[in-house]
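Dropping my_file_17.txt in here (compact mmCIF, C-alpha atoms):
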# COMPACT_ATOMS: atom_id res chain seq x y z
CA MET A 910 -32.21 -53.08 -24.10
CA ALA A 911 -28.56 -53.77 -24.81
CA ALA A 912 -28.41 -50.39 -26.49
CA GLN A 913 -29.58 -48.72 -23.27
CA LEU A 914 -26.84 -50.46 -21.32
CA ARG A 915 -24.21 -49.32 -23.80
CA VAL A 916 -25.36 -45.70 -23.50
CA TYR A 917 -25.00 -45.85 -19.74
CA ARG A 918 -21.53 -47.36 -19.99
CA GLN A 919 -20.49 -44.59 -22.37
CA LYS A 920 -21.72 -41.95 -19.97
CA ILE A 921 -19.85 -43.53 -17.09
CA LYS A 922 -16.68 -43.56 -19.12
CA SER A 923 -17.01 -39.92 -20.12
CA ALA A 924 -17.74 -38.86 -16.54
CA LYS A 925 -14.64 -40.74 -15.42
CA THR A 926 -12.46 -38.95 -17.97
CA THR A 927 -13.83 -35.59 -16.93
CA LYS A 928 -13.22 -36.45 -13.33
CA LYS A 929 -9.58 -37.18 -14.03
CA ILE A 930 -9.15 -33.76 -15.59
CA THR A 931 -10.97 -31.84 -12.88
CA ARG A 932 -9.10 -33.73 -10.20
CA ALA A 933 -5.80 -32.85 -11.81
CA MET A 934 -6.76 -29.19 -12.06
CA GLU A 935 -7.86 -29.19 -8.46
CA LEU A 936 -4.49 -30.49 -7.34
CA ILE A 937 -2.58 -28.06 -9.53
CA SER A 938 -4.55 -25.11 -8.16
CA ALA A 939 -4.03 -26.31 -4.63
CA SER A 940 -0.29 -26.20 -5.05
CA ARG A 941 -0.43 -22.85 -6.81
CA ILE A 942 -2.43 -21.19 -4.05
CA GLN A 943 0.47 -21.81 -1.76
CA LYS A 944 2.87 -20.16 -4.16
CA ALA A 945 0.54 -17.26 -4.74
CA GLN A 946 0.15 -16.75 -1.03
CA GLN A 947 3.88 -16.87 -0.59
CA ARG A 948 4.19 -14.13 -3.18
CA VAL A 949 1.68 -12.02 -1.30
CA ALA A 950 3.61 -12.63 1.89
CA ALA A 951 6.91 -11.86 0.20
CA SER A 952 5.67 -8.50 -1.01
CA ASN A 953 4.32 -7.59 2.42
CA PRO A 954 7.49 -6.01 3.87
CA TYR A 955 7.61 -3.67 0.89
CA THR A 956 3.93 -2.80 1.17
CA THR A 957 4.25 -2.10 4.87
CA ALA A 958 7.33 0.04 4.37
CA VAL A 959 5.79 2.06 1.57
CA THR A 960 2.50 2.58 3.39
CA LYS A 961 4.30 3.58 6.54
CA ALA A 962 6.47 6.07 4.72
CA VAL A 963 3.53 7.61 2.90
CA SER A 964 1.52 8.03 6.09
CA ALA A 965 4.61 9.43 7.80
CA VAL A 966 4.96 12.07 5.16
CA ALA A 967 1.23 12.71 5.17
CA THR A 968 1.17 13.36 8.89
CA TYR A 969 3.99 15.86 8.74
CA SER A 970 2.98 17.87 5.77
CA ASP A 971 -0.34 19.26 4.71
CA VAL A 972 -0.72 16.91 1.87
CA ASP A 973 -1.75 18.89 -1.09
CA HIS A 974 -0.58 16.96 -4.06
CA PRO A 975 -2.24 16.55 -7.45
CA LEU A 976 -2.69 12.88 -6.69
CA THR A 977 -4.55 13.48 -3.45
CA ARG A 978 -6.66 16.43 -4.54
CA LYS A 979 -10.33 15.70 -4.60
CA VAL A 980 -12.50 17.07 -7.35
CA GLU A 981 -15.76 18.65 -6.27
CA ASN A 982 -17.91 17.38 -9.10
CA PRO A 983 -16.26 14.39 -10.71
CA LYS A 984 -17.21 14.10 -14.34
CA ARG A 985 -15.39 11.01 -15.45
CA ALA A 986 -14.20 7.92 -13.63
CA ALA A 987 -11.95 5.05 -14.66
CA ILE A 988 -12.41 1.52 -13.46
CA VAL A 989 -9.54 -0.92 -13.54
CA VAL A 990 -10.96 -4.42 -13.77
CA PHE A 991 -8.91 -7.36 -12.51
CA THR A 992 -10.09 -10.75 -13.74
CA SER A 993 -8.34 -13.96 -14.66
CA ASP A 994 -7.01 -15.14 -18.00
CA ARG A 995 -8.60 -18.53 -17.84
CA GLY A 996 -12.01 -19.75 -16.86
CA LEU A 997 -12.98 -22.88 -14.96
CA ALA A 998 -12.76 -20.96 -11.75
CA GLY A 999 -16.41 -20.77 -10.80
CA ALA A 1000 -17.83 -17.30 -10.46
CA PHE A 1001 -14.38 -15.74 -10.07
CA SER A 1002 -14.44 -13.44 -13.07
CA SER A 1003 -18.19 -13.00 -13.36
CA ALA A 1004 -18.41 -11.84 -9.74
CA VAL A 1005 -15.90 -9.10 -10.49
CA LEU A 1006 -17.70 -8.13 -13.69
CA LYS A 1007 -20.99 -7.96 -11.83
CA GLU A 1008 -19.37 -5.68 -9.28
CA VAL A 1009 -18.08 -3.54 -12.14
CA GLU A 1010 -21.57 -3.25 -13.59
CA GLN A 1011 -22.96 -2.16 -10.25
CA LEU A 1012 -20.25 0.41 -9.77
CA THR A 1013 -20.75 1.66 -13.32
CA LYS A 1014 -24.43 2.09 -12.70
CA ARG A 1015 -23.84 3.93 -9.47
CA LEU A 1016 -21.32 6.27 -11.08
CA GLN A 1017 -23.54 6.89 -14.06
CA ASP A 1018 -26.44 7.72 -11.78
CA GLU A 1019 -24.19 10.31 -10.21
CA GLY A 1020 -23.70 11.74 -13.67
CA GLN A 1021 -20.21 10.45 -14.33
CA GLU A 1022 -18.87 9.02 -17.48
CA VAL A 1023 -17.06 5.72 -17.01
CA VAL A 1024 -14.01 4.43 -18.85
CA TYR A 1025 -12.32 1.08 -18.37
CA TYR A 1026 -8.94 -0.54 -18.10
CA LEU A 1027 -8.99 -4.30 -18.30
CA VAL A 1028 -6.62 -6.83 -16.82
CA GLY A 1029 -7.15 -10.47 -17.72
CA ARG A 1030 -8.49 -12.18 -20.80
CA LYS A 1031 -11.91 -12.82 -19.26
CA ALA A 1032 -12.64 -9.12 -18.86
CA VAL A 1033 -11.43 -8.42 -22.39
CA ALA A 1034 -13.69 -11.14 -23.79
CA TYR A 1035 -16.64 -9.83 -21.80
CA PHE A 1036 -16.19 -6.34 -23.17
CA LYS A 1037 -15.52 -7.47 -26.69
CA PHE A 1038 -18.65 -9.61 -26.77
CA ARG A 1039 -20.74 -6.65 -25.70
CA GLN A 1040 -18.86 -4.35 -28.04
CA ARG A 1041 -17.94 -1.99 -25.27
CA GLU A 1042 -14.97 0.29 -25.31
CA SER A 1043 -11.99 0.09 -23.04
CA ILE A 1044 -8.90 2.24 -23.05
CA ASN A 1045 -6.29 -0.40 -22.55
CA GLN A 1046 -6.03 -4.11 -21.85
CA TRP A 1047 -3.42 -6.32 -20.29
CA THR A 1048 -3.67 -10.04 -20.78
CA GLY A 1049 -1.48 -12.97 -19.92
CA GLY A 1050 0.10 -13.79 -16.62
CA THR A 1051 -2.75 -13.03 -14.28
CA ASP A 1052 -1.93 -16.15 -12.31
CA VAL A 1053 1.67 -15.03 -11.81
CA PRO A 1054 1.48 -11.22 -11.93
CA SER A 1055 4.67 -9.44 -12.83
CA LEU A 1056 5.91 -6.19 -11.43
CA GLU A 1057 6.33 -4.84 -14.94
CA THR A 1058 2.62 -5.13 -15.68
CA ALA A 1059 1.81 -3.42 -12.39
CA ARG A 1060 4.17 -0.63 -13.30
CA GLU A 1061 2.65 -0.20 -16.74
CA VAL A 1062 -0.85 -0.06 -15.30
CA ALA A 1063 0.27 2.41 -12.65
CA GLU A 1064 1.99 4.68 -15.15
CA GLU A 1065 -0.94 4.68 -17.48
CA ILE A 1066 -3.58 5.47 -14.91
CA THR A 1067 -1.47 8.10 -13.20
CA GLU A 1068 -1.02 9.75 -16.56
CA ILE A 1069 -4.74 9.77 -17.35
CA PHE A 1070 -5.51 11.03 -13.86
CA ASN A 1071 -3.16 13.96 -14.28
CA ARG A 1072 -4.52 14.79 -17.70
CA ASP A 1073 -7.10 17.53 -18.15
CA LEU A 1074 -10.71 16.49 -18.25
CA ASP A 1075 -11.11 17.97 -21.71
CA ALA A 1076 -8.21 15.92 -23.00
CA GLY A 1077 -9.84 12.72 -21.83
CA GLY A 1078 -8.55 12.72 -18.28
CA VAL A 1079 -10.45 11.25 -15.35
CA ASP A 1080 -11.29 12.50 -11.86
CA MET A 1081 -11.51 9.20 -10.04
CA ILE A 1082 -9.91 5.82 -10.39
CA TYR A 1083 -11.35 2.66 -8.94
CA LEU A 1084 -9.89 -0.79 -8.72
CA VAL A 1085 -12.22 -3.77 -8.82
CA GLY A 1086 -10.82 -7.20 -8.18
CA ASN A 1087 -11.10 -10.29 -6.08
CA GLN A 1088 -9.79 -10.25 -2.57
CA PHE A 1089 -8.43 -13.44 -1.11
CA VAL A 1090 -10.32 -13.81 2.16
CA SER A 1091 -9.80 -17.48 2.79
CA MET A 1092 -9.48 -20.72 0.86
CA MET A 1093 -13.26 -20.86 0.64
CA VAL A 1094 -14.13 -17.20 0.30
CA GLN A 1095 -13.00 -14.79 -2.38
CA GLU A 1096 -14.70 -11.45 -2.41
CA PRO A 1097 -14.92 -8.98 -5.24
CA THR A 1098 -13.95 -5.65 -3.75
CA THR A 1099 -13.91 -2.10 -4.98
CA THR A 1100 -11.29 0.34 -3.80
CA ARG A 1101 -10.79 3.91 -4.79
CA LEU A 1102 -7.20 4.37 -5.82
CA LEU A 1103 -7.14 7.99 -6.87
CA PRO A 1104 -7.47 10.56 -5.52
CA LEU A 1105 -5.52 8.87 -2.79
CA GLU A 1106 -6.91 8.42 0.62
CA ILE A 1107 -3.94 7.90 2.80
CA VAL A 1108 -5.12 4.93 4.77
CA GLU A 1109 -2.99 4.55 7.81
CA GLU A 1110 -2.39 0.91 8.37
CA GLU A 1111 -3.54 0.11 11.88
CA THR A 1112 -0.97 2.20 13.64
CA ALA A 1113 0.22 0.06 16.46
CA SER A 1114 0.30 1.54 19.95
CA GLU A 1115 2.98 4.14 20.75
CA ASP A 1116 3.69 4.13 17.06
CA ILE A 1117 3.78 7.87 16.76
CA PHE A 1118 5.91 8.96 13.89
CA PRO A 1119 9.13 10.65 14.88
CA LEU A 1120 9.94 14.02 13.48
CA TYR A 1121 11.57 13.03 10.25
CA GLU A 1122 14.17 14.92 8.44
CA PHE A 1123 13.35 14.84 4.76
CA GLU A 1124 15.88 14.67 2.04
CA PRO A 1125 15.26 16.44 -0.31
CA GLU A 1126 12.20 18.53 0.68
CA VAL A 1127 8.89 17.04 1.78
CA ASP A 1128 7.19 17.78 -1.53
CA LYS A 1129 9.89 16.07 -3.53
CA VAL A 1130 9.77 13.06 -1.25
CA LEU A 1131 6.02 12.87 -1.71
CA ASP A 1132 6.43 13.23 -5.45
CA THR A 1133 8.60 10.15 -5.50
CA LEU A 1134 6.69 8.20 -2.89
CA LEU A 1135 3.18 8.45 -4.24
CA PRO A 1136 3.82 6.79 -7.61
CA VAL A 1137 5.61 4.00 -5.78
CA TYR A 1138 2.65 3.69 -3.46
CA ILE A 1139 0.19 3.54 -6.35
CA GLU A 1140 2.25 0.94 -8.15
CA ASN A 1141 2.44 -1.09 -5.00
CA ARG A 1142 -1.31 -0.95 -4.48
CA ILE A 1143 -1.87 -2.24 -7.98
CA TYR A 1144 0.73 -4.96 -7.63
CA ASN A 1145 -0.83 -5.98 -4.36
CA LYS A 1146 -4.26 -6.11 -5.95
CA MET A 1147 -2.91 -8.31 -8.72
CA LEU A 1148 -1.25 -10.68 -6.27
CA GLN A 1149 -4.42 -10.90 -4.22
CA SER A 1150 -6.42 -11.57 -7.34
CA ALA A 1151 -4.00 -14.31 -8.39
CA ALA A 1152 -4.26 -16.04 -5.03
CA ALA A 1153 -8.04 -15.72 -5.14
CA GLU A 1154 -8.11 -17.10 -8.66
CA HIS A 1155 -6.31 -20.27 -7.67
CA ALA A 1156 -8.50 -20.70 -4.63
CA ALA A 1157 -11.64 -20.18 -6.69
CA ARG A 1158 -10.44 -22.65 -9.27
CA GLN A 1159 -9.61 -25.23 -6.67
CA LYS A 1160 -13.07 -24.84 -5.18
CA ALA A 1161 -14.78 -25.05 -8.57
CA MET A 1162 -12.77 -28.08 -9.60
CA LYS A 1163 -13.43 -29.81 -6.32
CA SER A 1164 -17.17 -29.51 -6.77
CA ALA A 1165 -16.82 -30.61 -10.38
CA THR A 1166 -14.99 -33.72 -9.21
CA ASP A 1167 -17.66 -34.37 -6.61
CA ASN A 1168 -20.35 -33.97 -9.23
CA ALA A 1169 -18.57 -36.38 -11.54
CA ASP A 1170 -18.49 -38.88 -8.68
CA LYS A 1171 -22.21 -38.47 -8.19
CA LEU A 1172 -22.86 -38.90 -11.91
CA ILE A 1173 -20.75 -42.04 -12.05
CA LEU A 1174 -22.63 -43.48 -9.09
CA ASN A 1175 -26.04 -42.75 -10.63
CA TYR A 1176 -25.13 -44.08 -14.02
CA THR A 1177 -23.60 -47.20 -12.52
CA ARG A 1178 -26.87 -47.87 -10.75
CA LEU A 1179 -28.85 -47.31 -13.92
CA ALA A 1180 -26.48 -49.50 -15.86
CA ASN A 1181 -26.82 -52.30 -13.30
CA GLN A 1182 -30.56 -51.96 -13.42
CA ALA A 1183 -30.53 -52.16 -17.22
CA ARG A 1184 -28.28 -55.21 -17.10
CA GLN A 1185 -30.51 -56.87 -14.54
CA ALA A 1186 -33.59 -56.10 -16.63
CA GLU A 1187 -31.90 -57.60 -19.64
CA ILE A 1188 -31.07 -60.79 -17.76
CA THR A 1189 -34.58 -61.01 -16.35
CA GLN A 1190 -36.00 -60.61 -19.79
CA GLN A 1191 -33.74 -63.29 -21.21
CA ILE A 1192 -34.70 -65.69 -18.43
CA SER A 1193 -38.36 -65.10 -18.94
CA GLU A 1194 -37.90 -65.58 -22.65
CA ILE A 1195 -36.15 -68.91 -22.08
CA VAL A 1196 -38.69 -70.02 -19.52
CA GLY A 1197 -41.50 -68.96 -21.82
CA GLY A 1198 -39.87 -70.77 -24.73
CA ALA A 1199 -39.30 -73.95 -22.74
CA ASP A 1200 -42.85 -73.78 -21.48
CA ALA A 1201 -44.17 -73.50 -24.99
CA LEU A 1202 -42.02 -76.42 -26.12
CA SER A 1203 -43.17 -78.67 -23.28
CA THR A 1204 -46.83 -77.91 -24.01
CA VAL A 1205 -46.22 -78.83 -27.66
CA SER A 1206 -44.51 -82.13 -26.79
CA GLU A 1207 -47.25 -83.08 -24.29
CA ASP A 1208 -49.81 -82.98 -27.02
CA MET B 1261 29.28 -4.17 21.80
CA THR B 1262 28.84 -0.99 19.86
CA ASN B 1263 25.44 0.23 18.95
CA LEU B 1264 23.76 -1.61 16.15
CA ILE B 1265 20.96 -0.73 13.82
CA GLN B 1266 18.30 -3.03 12.50
CA VAL B 1267 18.42 -3.02 8.71
CA ASN B 1268 15.82 -4.22 6.24
CA VAL B 1269 16.38 -4.07 2.54
CA VAL B 1270 13.14 -4.82 0.75
CA ALA B 1271 12.24 -5.05 -2.91
CA ALA B 1272 8.71 -5.07 -4.29
CA ASP B 1273 8.43 -8.82 -4.42
CA ARG B 1274 10.69 -9.99 -1.65
CA GLU B 1275 12.91 -9.10 1.27
CA ILE B 1276 16.47 -8.91 0.12
CA TRP B 1277 18.43 -8.66 3.30
CA SER B 1278 17.68 -8.04 6.90
CA GLY B 1279 19.74 -8.14 10.02
CA GLU B 1280 21.78 -6.08 12.39
CA ALA B 1281 24.42 -3.79 11.10
CA SER B 1282 26.79 -1.21 12.38
CA MET B 1283 26.62 1.07 9.37
CA VAL B 1284 24.66 1.65 6.20
CA VAL B 1285 25.95 3.72 3.32
CA ALA B 1286 23.56 4.61 0.56
CA LYS B 1287 23.27 7.12 -2.20
CA THR B 1288 20.41 9.54 -1.85
CA ALA B 1289 19.14 12.06 -4.32
CA GLU B 1290 21.46 14.62 -2.76
CA GLY B 1291 24.56 12.56 -2.28
CA GLU B 1292 25.97 9.70 -0.29
CA ILE B 1293 24.81 9.24 3.25
CA GLY B 1294 26.17 7.09 6.01
CA LEU B 1295 23.86 5.98 8.79
CA LEU B 1296 25.03 4.90 12.21
CA ALA B 1297 23.09 4.05 15.32
CA GLY B 1298 21.45 7.07 16.89
CA HIS B 1299 20.99 8.92 13.64
CA GLU B 1300 18.05 11.29 13.64
CA PRO B 1301 14.83 10.04 12.01
CA MET B 1302 14.87 10.66 8.33
CA LEU B 1303 13.15 9.86 5.09
CA ALA B 1304 15.25 10.14 1.98
CA ILE B 1305 14.91 9.36 -1.65
CA LEU B 1306 17.50 6.94 -2.93
CA ALA B 1307 19.25 7.40 -6.22
CA PRO B 1308 20.32 4.47 -8.36
CA GLY B 1309 23.56 3.06 -7.07
CA PRO B 1310 25.02 0.71 -4.52
CA ILE B 1311 23.79 0.27 -0.97
CA ARG B 1312 26.55 -0.82 1.35
CA VAL B 1313 25.76 -2.41 4.66
CA THR B 1314 28.39 -3.29 7.23
CA ALA B 1315 26.82 -6.16 9.09
CA ALA B 1316 27.18 -6.69 12.81
CA ASP B 1317 29.89 -9.32 12.34
CA GLY B 1318 31.93 -6.97 10.22
CA SER B 1319 31.09 -8.54 6.88
CA LYS B 1320 29.98 -6.29 4.06
CA VAL B 1321 26.81 -6.62 2.10
CA VAL B 1322 26.36 -4.69 -1.11
CA ALA B 1323 23.09 -4.36 -2.96
CA GLU B 1324 22.70 -2.65 -6.26
CA THR B 1325 19.64 -0.80 -7.50
CA GLU B 1326 18.94 0.63 -10.92
CA ASP B 1327 15.70 2.24 -10.01
CA GLY B 1328 16.23 3.95 -6.73
CA GLY B 1329 13.68 3.97 -3.98
CA PHE B 1330 13.70 5.48 -0.54
CA LEU B 1331 15.01 4.87 2.91
CA SER B 1332 13.49 5.58 6.25
CA MET B 1333 15.32 5.65 9.53
CA GLU B 1334 13.73 5.80 12.93
CA HIS B 1335 14.64 4.43 16.36
CA ASP B 1336 17.70 2.71 14.94
CA ASN B 1337 15.61 0.93 12.36
CA VAL B 1338 16.60 1.47 8.77
CA THR B 1339 14.31 0.36 6.02
CA LEU B 1340 15.64 0.62 2.51
CA VAL B 1341 12.86 0.27 0.04
CA VAL B 1342 14.04 -0.34 -3.47
CA ARG B 1343 11.91 -1.59 -6.28
CA ASP B 1344 14.39 -3.85 -7.96
CA ALA B 1345 17.56 -4.48 -6.11
CA HIS B 1346 19.85 -7.44 -6.00
CA LEU B 1347 22.71 -8.43 -3.80
CA VAL B 1348 26.06 -7.99 -5.37
CA SER B 1349 28.06 -9.54 -2.59
Show me this structure written as structure tokens.
Amino acid sequence: MAAQLRVYRQKIKSAKTTKKITRAMELISASRIQKAQQRVAASNPYTTAVTKAVSAVATYSDVDHPLTRKVENPKRAAIVVFTSDRGLAGAFSSAVLKEVEQLTKRLQDEGQEVVYYLVGRKAVAYFKFRQRESINQWTGGTDVPSLETAREVAEEITEIFNRDLDAGGVDMIYLVGNQFVSMMVQEPTTTRLLPLEIVEEETASEDIFPLYEFEPEVDKVLDTLLPVYIENRIYNKMLQSAAAEHAARQKAMKSATDNADKLILNYTRLANQARQAEITQQISEIVGGADALSTVSED
Amino acid sequence: MTNLIQVNVVAADREIWSGEASMVVAKTAEGEIGLLAGHEPMLAILAPGPIRVTAADGSKVVAETEDGGFLSMEHDNVTLVVRDAHLVS
């Protein structure tokens, strides 16, 4: 009986320790979301400017650039997977990986070969465990993405896109990562990066592009702009993913804390019950003993 | 008041400087260019080098870039997009 009580007390103690940790992580994530969102906001002027410039060029020239040229029968596609470095963020990374699997299946059904680029330790671990190949990996710093990493990724995938198919080049490049929708919702999304679709950001009314003068020629401008645009898209994806990661972690840690609370409550009840049972038993033993004694003395 | 232009200098991760200015001097791929209010719309590639902005109050702002970028000018709005720039003064 006493042993039972001790087990319950141990469980309560362990749940309390866990709760302290999850609570701390929840608070840390909460403060980091803010920072991550600020970073997204801080990079917005750049994104807007780049997108605007690219669509301006696109509207005034018949865009025929290697990076925008569509291949009739794509043979090979690359998927860039954006996950987190650390776990304890609910379904954050597994949702992305599931999306990747779906996309892979779809592409393979279309007869395309799929190659991978991985960002984040979780994706690397997933691939390693399944002994699957990937061309390159970037780990570390997914919660505070750096521009350098974005640039490296951009350079590498632009290079493989421009390469001939026979030399291991690819025809399509997809990005799969989490999109920060709100504090509660993070959505794994797939976007096709290359060949580029010039998506014109909701062109506000009367926002018709003026007749630009280009310096140097249009083609040269496009040559310089497109890599910048690609890099920016990747950087943006990484920032979004970082914000989503913190939000997902906060959510996961909040429910972990709530669960710990529930566990503590249940175990406390059980422990009280066990204690009560113990007392009751002791009383009945005493009463029984006294009863037995009095019967003996009466005789 | 003379004509002013709205200037934004943005880097990939933040806005570096924005405000009204009377003149912007930057180095493009083809040479230095000075922009005043009423300049025709243009899109130019920036070469590494200083970007000099004469603010509306006459003070000078200088930003330095090692990487280059591009600038767009339309309706007296100048956006200088540089990947990694920093203010020098």
Taking a cut-off of 8 Å and counting all atoms listed in the file, can you build a table that, for each residue of chain A near chain B, reports the nearest atom pair and how far apart they are in Å (one decimal), sorted by chain then residue number, as JSON lines?
{"residue": "A:Arg948", "atom": "CA", "partner": "B:Asp1273", "partner_atom": "CA", "distance": 6.9}
{"residue": "A:Ala951", "atom": "CA", "partner": "B:Arg1274", "partner_atom": "CA", "distance": 4.6}
{"residue": "A:Ser952", "atom": "CA", "partner": "B:Asp1273", "partner_atom": "CA", "distance": 4.4}
{"residue": "A:Asn953", "atom": "CA", "partner": "B:Arg1274", "partner_atom": "CA", "distance": 7.9}
{"residue": "A:Pro954", "atom": "CA", "partner": "B:Val1270", "partner_atom": "CA", "distance": 6.6}
{"residue": "A:Tyr955", "atom": "CA", "partner": "B:Ala1272", "partner_atom": "CA", "distance": 5.5}
{"residue": "A:Thr956", "atom": "CA", "partner": "B:Ala1272", "partner_atom": "CA", "distance": 7.6}
{"residue": "A:Ala958", "atom": "CA", "partner": "B:Val1341", "partner_atom": "CA", "distance": 7.0}
{"residue": "A:Val959", "atom": "CA", "partner": "B:Val1341", "partner_atom": "CA", "distance": 7.5}
{"residue": "A:Ala962", "atom": "CA", "partner": "B:Ser1332", "partner_atom": "CA", "distance": 7.2}
{"residue": "A:Leu1056", "atom": "CA", "partner": "B:Ala1272", "partner_atom": "CA", "distance": 7.8}
{"residue": "A:Pro1119", "atom": "CA", "partner": "B:Pro1301", "partner_atom": "CA", "distance": 6.4}
{"residue": "A:Leu1120", "atom": "CA", "partner": "B:Pro1301", "partner_atom": "CA", "distance": 6.5}
{"residue": "A:Tyr1121", "atom": "CA", "partner": "B:Met1302", "partner_atom": "CA", "distance": 4.5}
{"residue": "A:Glu1122", "atom": "CA", "partner": "B:Met1302", "partner_atom": "CA", "distance": 4.3}
{"residue": "A:Phe1123", "atom": "CA", "partner": "B:Leu1303", "partner_atom": "CA", "distance": 5.0}
{"residue": "A:Glu1124", "atom": "CA", "partner": "B:Ala1304", "partner_atom": "CA", "distance": 4.6}
{"residue": "A:Pro1125", "atom": "CA", "partner": "B:Ala1304", "partner_atom": "CA", "distance": 6.7}
{"residue": "A:Val1130", "atom": "CA", "partner": "B:Ile1305", "partner_atom": "CA", "distance": 6.3}
{"residue": "A:Thr1133", "atom": "CA", "partner": "B:Ile1305", "partner_atom": "CA", "distance": 7.4}
{"residue": "A:Leu1134", "atom": "CA", "partner": "B:Phe1330", "partner_atom": "CA", "distance": 7.9}
{"residue": "A:Asn1141", "atom": "CA", "partner": "B:Ala1272", "partner_atom": "CA", "distance": 7.5}
Selected residues, C-alpha atoms, written as a compact mmCIF listing (two decimals), keeping the file's coordinate frame, please.
# COMPACT_ATOMS: atom_id res chain seq x y z
CA ARG A 948 4.19 -14.13 -3.18
CA ALA A 951 6.91 -11.86 0.20
CA SER A 952 5.67 -8.50 -1.01
CA ASN A 953 4.32 -7.59 2.42
CA PRO A 954 7.49 -6.01 3.87
CA TYR A 955 7.61 -3.67 0.89
CA THR A 956 3.93 -2.80 1.17
CA ALA A 958 7.33 0.04 4.37
CA VAL A 959 5.79 2.06 1.57
CA ALA A 962 6.47 6.07 4.72
CA LEU A 1056 5.91 -6.19 -11.43
CA PRO A 1119 9.13 10.65 14.88
CA LEU A 1120 9.94 14.02 13.48
CA TYR A 1121 11.57 13.03 10.25
CA GLU A 1122 14.17 14.92 8.44
CA PHE A 1123 13.35 14.84 4.76
CA GLU A 1124 15.88 14.67 2.04
CA PRO A 1125 15.26 16.44 -0.31
CA VAL A 1130 9.77 13.06 -1.25
CA THR A 1133 8.60 10.15 -5.50
CA LEU A 1134 6.69 8.20 -2.89
CA ASN A 1141 2.44 -1.09 -5.00
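Atom CA of Ala939 of chain A sits 15.4 Å away from atom CA of Gln1149 of chain A.
If all atoms listed in the file are the atoms counted, then among A:Ala1157, A:Leu1179, A:Leu1006, A:Ile1173 the closest residue to Leu1027 of chain A is A:Leu1006.
For the pair atom CA of Leu1074 of chain A and atom CA of Gly1020 of chain A, the separation is 14.6 Å.
When atom CA of Lys1146 of chain A is paired with atom CA of Asn1337 of chain B, their separation reads 27.9 Å.
Considering the residues A:Leu976, A:Ala1156, A:Ala986, A:Ala911 and counting all atoms listed in the file, Glu1019 of chain A has its shortest atom-to-atom contact with A:Ala986.
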### Message
Residues within 7 Å of Tyr1083 of chain A, please, as a ChimeraX atom specification. Count all atoms listed in the file; anything in the same chain fewer than 4 positions from it doesn't count.
### Response
/A:987-989,1099-1102
Could segment 922-934 of chain A be completed with N, CA and C atoms and written as a short mmCIF file (atom, residue, chain, number, x, y, z; two decimals), in the coordinates of the input, please?
data_model
loop_
_atom_site.label_atom_id
_atom_site.label_comp_id
_atom_site.auth_asym_id
_atom_site.auth_seq_id
_atom_site.Cartn_x
_atom_site.Cartn_y
_atom_site.Cartn_z
N LYS A 922 -18.05 -43.73 -18.66
CA LYS A 922 -16.68 -43.56 -19.12
C LYS A 922 -16.35 -42.08 -19.29
N SER A 923 -17.29 -41.34 -19.89
CA SER A 923 -17.01 -39.92 -20.12
C SER A 923 -16.92 -39.16 -18.80
N ALA A 924 -17.79 -39.52 -17.84
CA ALA A 924 -17.74 -38.86 -16.54
C ALA A 924 -16.40 -39.16 -15.86
N LYS A 925 -15.92 -40.37 -16.05
CA LYS A 925 -14.64 -40.74 -15.42
C LYS A 925 -13.49 -39.94 -16.01
N THR A 926 -13.52 -39.74 -17.33
CA THR A 926 -12.46 -38.95 -17.97
C THR A 926 -12.49 -37.52 -17.46
N THR A 927 -13.69 -36.96 -17.42
CA THR A 927 -13.83 -35.59 -16.93
C THR A 927 -13.31 -35.47 -15.51
N LYS A 928 -13.63 -36.48 -14.73
CA LYS A 928 -13.22 -36.45 -13.33
C LYS A 928 -11.71 -36.42 -13.20
N LYS A 929 -11.06 -37.17 -14.08
CA LYS A 929 -9.58 -37.18 -14.03
C LYS A 929 -9.03 -35.78 -14.27
N ILE A 930 -9.63 -35.10 -15.26
CA ILE A 930 -9.15 -33.76 -15.59
C ILE A 930 -9.41 -32.79 -14.44
N THR A 931 -10.64 -32.80 -13.93
CA THR A 931 -10.97 -31.84 -12.88
C THR A 931 -10.15 -32.11 -11.63
N ARG A 932 -9.93 -33.38 -11.36
CA ARG A 932 -9.10 -33.73 -10.20
C ARG A 932 -7.69 -33.19 -10.35
N ALA A 933 -7.16 -33.34 -11.56
CA ALA A 933 -5.80 -32.85 -11.81
C ALA A 933 -5.74 -31.34 -11.64
N MET A 934 -6.76 -30.65 -12.18
CA MET A 934 -6.76 -29.19 -12.06
C MET A 934 -6.90 -28.75 -10.61
#
